[in-house]
Amino acid sequence: MESADQIAKPAVDAGIAELEATLARVRAAQQKYASYSQEQVDAIFKAAALAANCQRIPLAKMAVAETGMGIVEDKIIKNHYAAEYIYNTYKDTKTCGVIEENLPGGMMKIAEPIGVIGAVIPTTNPTSTAIFKTLLALKTRNGIMISPHPRAKNSTIAAAKIVLDAAVKAGAPEDIIGWIDAPSLPKTNLLMKEVDIILATGGPGMVKAAYSSGTPALGVGAGNAAAILDPSCDIINAVNSIIHSKTFDNGMICATEQTVIADEEIYDAVKAEFTKRGCYFLNKSEADKIRATMLINGALNAKIVGQRPVTIAKMAGFEVPEDTKVLIGEATSTETSEALGHEKLTTILGMYKSKNFDNALDIAEALLVNNGGLGHTSVLWIDELNEKAKLNQFAERMKACRLLVNMPSSLGGIGDVYNFMLVPSLTLGCGSWGGNSVSENVGVKHLINIKTVAMRRENMLWFRAPEKVYQKKGCLAVALKELGQELGKKKAFIVTDSFLYSNGYTKPIEKSLEQQGIMFTTFSNVAPDPTLACAKEGAKLMAGFKPDVIIAIGGGSAMDAAKIMWVLYEHPEVDFMDMAMRFMDIRKRVYTFPKMGEKAYFIAIPTSAGTGSEVTPFAVITDEKTGTKYPLADYELMPDMAIVDADVQMMAPPGLTSASGIDAVSHALEAYASMLATDYTDGLAIRALQTIFKYLPECYDAAVGKYAAPKAREKMANAATMAGMAFANAFLGVMHSMAHKLGAFHHIPHGIANALMMEEVLRFNADPVPRKMGTFPQYDHPHTLERYLEIADELGIKGRNRGEQFENLIKAIRELQTRVGIKPTIRDYVPNEKDFLDRLDAMVEQAFDDQCTGANPRYPLMKEIKQMYLNAYYGKHDLV
């Protein structure tokens, strides 16, 4: 806190032109200095610090003589600290050019100077603060203009000149440091407006003026540190440290203790120790006189700042022994009217008695709120090892940016003396609590601009699959033997649907489990488009049965329902809507899926060739209350084992064969076109498509004719699983987003829904000039048409030109769909046109917000999704 005369308005100020000229010289010097290398800057920084340190004694004498405040010997320490500690902390800090580089990550940070600093210097620390700020400016390649306090201008300018002369001798530009010779309000206001940043240390009025100037400012708030003494503290250490702190330069450091709060259990012992060590306790009359002397019209009397107790007592009208160290008044209130609870900046200390630790915190908080000091410093003396709960309580409640434990506050708060991790500084930010822009000790990082160079980098991608994938016709029996022989499982929970259960599909599983002595139970209540209610029902049964292995057998519905049951069984506390929350990047999602597999091992056995759910981290579930279909995605949902045995797929009916087969086509197409596609997924997608185009018609014919086609069924089983692996890692696209909603709103089987949207989405994505392309670092330009033509090449589909080849790919897909009995339009499945149109807008919005949309190479607008739906409904395949 400073007296108001630093900003007193003079009648005339004739030095404005001179100041403007000085500012111009400093700015020109700074522009030159900005080009200096780190080596040049460090040499200048060192030379300046050495020079200031060498002159610490003359400068201290000059400061005390000029201001009439403080102690020469202590000001010597402050000057020494400002030079030596600041140099030691920042000597190896990079402040020029590239200061941080991560080439693999594509990131580089470059330090640039801010420009010219306007430095307001207080009368309490006129030389040490000048040394501190000029050294920071030199280290950061900034120029600096100093505005000294009127009552300390000679000593402040002397300190600045010593630093400047040494810097210039070491190679700095001649005018890199400037100052105001005759401080005045107009000059200070001009300085604040013309510089690039203000570094203000002074009274509340000066700091407020700095923040109000329109120039970026780093200021400090008033200090009013209270030291709490807990009964567990070392009283001798605490009291003598507080005396040491309070008498340092006659209490002028803003972080110095202003009040002591001692627990009633130790209050008398604390008081006795203070008395023993040379402190003087005021009687009631003397305390009242001190109160009247200390505050004048509610403001601190500048005449007592930095004075000895004997001098202050004489001002108040009484005498104390010459060697008195501190005047201590026992305070009666935490209200603003109690002067002993205010910041004093001198050798006066207020003392409070607390009933307990909570009461001590109440007193300390009240002093900060009522009498100033919010954000600055609070102190606690305590047994930090055995009273951690109290220490944590102190840290949580005190609104101060420096919370000092078991250290003298003055030399503790400025940093690097009693704790080497606390940055040394003579400008202590108080955060928003104290009306400041920084909440830490100000250092070089606050005086540089950092340019971040971010170079485009592709994200790390992945390929994940179940731990084991068994394949080949007849592998089911062999794979299941692992449950007892290798995994030691005791209880199995089978999840399937009623059709598969009643037709004996679970019999081979049950037989194997019986032979291995594994108990089991079966849940067969899964319906198409399984609901959350179904999953909860299964999870409830699981909770009672307590399985250590879950076996899902069926199509996508059974496997998806079993995955959700698995989550609810292992983590009944999870919220479904949290799991269903959309994400842009699966690695950065807000919701973190719980760790799976701690209670049960998960096995997926597909009975149709299409869904791929046996090898994917996806599950689609319907909220039965709203009818909304939610695709969930997380690698925790990946099965531990997949058993792909064509024997359990051999007699799939025609409708299931065609729908699931075309579903696998959609998986491969979307995985190949996805922005997240990789070489690993591309190979699987292409091989799956080649296999499906060759063997799906044969499987369909066998289903219609009700005969087995072992080779074709096995090939289709493998193709569906390969397509599943592809989209498990490359993800899907807007085709699936739209298909999910056709299923939810109109109960169209999922594979059929994908087939109905397939041509529209391929045409939509193939546009070489889309309205919006997708956002992903490895996707650099719209090139999905080329990707589709690669698929055509691999399928042996040709054309005289690119356009014809693409049309022939569309034709081949359409012919495959027709060949396996899929009708061409949505209207064929939803004949009620009005119902379709009435629900279209809701369907469009949900499709846009579907999890699959984000990986699509062309980012769709909602009106584009709507047009695709309309095209697919009416069979019009114009480009959107």
# chains A, B, ... in the order shown; residues from 1 in each chain; ligands from 1

call {"tool": "select_by_dssp", "arguments": {"residues": "stretch 761-845 of chain A", "states": "alpha helix (DSSP H)", "output": "PyMOL selection string"}}
result
chain A and resi 761-766+784-794+802-819+833-838+840-845

call {"tool": "residues_around", "arguments": {"residues": "A:Ala492", "least_positions_apart": "5", "cutoff": "10 Å", "atoms": "only C-alpha atoms", "output": "list in words"}}
result
Leu483, Glu510, Leu513, Ile518, Met519, Phe520, Thr521, Thr522, Met542, Phe545, Lys546, Pro547, Asp548, Val549, Ile550, Ile551, Ala600, Tyr601 and Phe602 of chain A

call {"tool": "residues_around", "arguments": {"residues": "A:His740", "least_positions_apart": "6", "cutoff": "8 Å", "atoms": "only C-alpha atoms", "output": "list in words"}}
result
Lys629, His750, Ala753 and Ala847 of chain A

call {"tool": "atom_distance", "arguments": {"atom1": "atom CA of A:Leu447", "atom2": "atom CA of A:Arg56"}}
result
25.0 Å

call {"tool": "residues_around", "arguments": {"residues": "stretch 177-183 of chain A", "least_positions_apart": "2", "cutoff": "10 Å", "atoms": "only C-alpha atoms", "output": "number ranges by chain"}}
result
A: 6-8, 10, 13-16, 18-19, 22-23, 25-27, 29-30, 116-119, 134, 137-138, 142-151, 153-154, 156-157, 160-161, 163-165, 167-168, 172-175, 185-188, 191

call {"tool": "write_last_selection", "arguments": {"atoms": "C-alpha atoms", "output": "CSV table (one decimal), in the first residue's frame"}}
result
chain,number,residue,atom,x,y,z
A,6,GLN,CA,2.5,9.3,-5.7
A,7,ILE,CA,-0.4,10.2,-7.9
A,8,ALA,CA,-1.1,13.8,-6.7
A,10,PRO,CA,0.4,19.0,-10.0
A,13,ASP,CA,3.7,19.8,-16.0
A,14,ALA,CA,6.2,21.0,-18.5
A,15,GLY,CA,8.0,17.7,-19.0
A,16,ILE,CA,5.5,15.9,-21.3
A,18,GLU,CA,10.6,15.3,-22.8
A,19,LEU,CA,8.9,12.1,-21.7
A,22,THR,CA,12.4,9.4,-23.9
A,23,LEU,CA,9.7,6.9,-24.7
A,25,ARG,CA,14.2,6.4,-27.7
A,26,VAL,CA,13.3,3.5,-25.4
A,27,ARG,CA,11.0,2.1,-28.1
A,29,ALA,CA,16.2,0.7,-28.5
A,30,GLN,CA,13.7,-2.1,-27.8
A,116,VAL,CA,8.1,-1.4,-23.7
A,117,ILE,CA,7.2,-2.0,-20.1
A,118,GLY,CA,5.8,0.8,-17.9
A,119,ALA,CA,7.2,0.1,-14.4
A,134,THR,CA,14.8,-3.9,-15.0
A,137,ALA,CA,12.9,-6.5,-18.8
A,138,LEU,CA,16.5,-7.2,-20.0
A,142,ASN,CA,11.8,-5.6,-23.5
A,143,GLY,CA,12.5,-1.9,-23.1
A,144,ILE,CA,11.4,-0.4,-19.8
A,145,MET,CA,10.3,3.0,-18.7
A,146,ILE,CA,10.3,3.6,-14.9
A,147,SER,CA,7.9,5.9,-13.0
A,148,PRO,CA,9.5,6.3,-9.6
A,149,HIS,CA,7.6,7.4,-6.5
A,150,PRO,CA,8.1,11.2,-6.0
A,151,ARG,CA,9.5,10.6,-2.5
A,153,LYS,CA,12.9,9.2,-7.2
A,154,ASN,CA,16.6,9.7,-6.7
A,156,THR,CA,15.0,4.5,-7.9
A,157,ILE,CA,16.7,6.3,-10.8
A,160,ALA,CA,17.9,2.0,-12.9
A,161,LYS,CA,21.0,3.8,-14.1
A,163,VAL,CA,21.5,-1.6,-14.4
A,164,LEU,CA,21.4,0.4,-17.6
A,165,ASP,CA,25.1,1.3,-17.6
A,167,ALA,CA,23.7,-3.6,-19.7
A,168,VAL,CA,25.0,-1.1,-22.3
A,172,ALA,CA,22.6,-3.6,-24.9
A,173,PRO,CA,21.2,-0.6,-26.8
A,174,GLU,CA,21.9,2.7,-25.0
A,175,ASP,CA,18.3,3.7,-24.3
A,185,LEU,CA,0.3,12.4,-12.6
A,186,PRO,CA,0.1,13.6,-16.3
A,187,LYS,CA,3.5,11.9,-17.0
A,188,THR,CA,2.4,8.7,-15.3
A,191,LEU,CA,3.4,6.5,-19.6

call {"tool": "closest_residue", "arguments": {"among": "A:Ala287, A:Ala709, A:Ala685, A:Leu345", "to": "A:Leu732", "atoms": "only C-alpha atoms"}}
result
A:Ala685
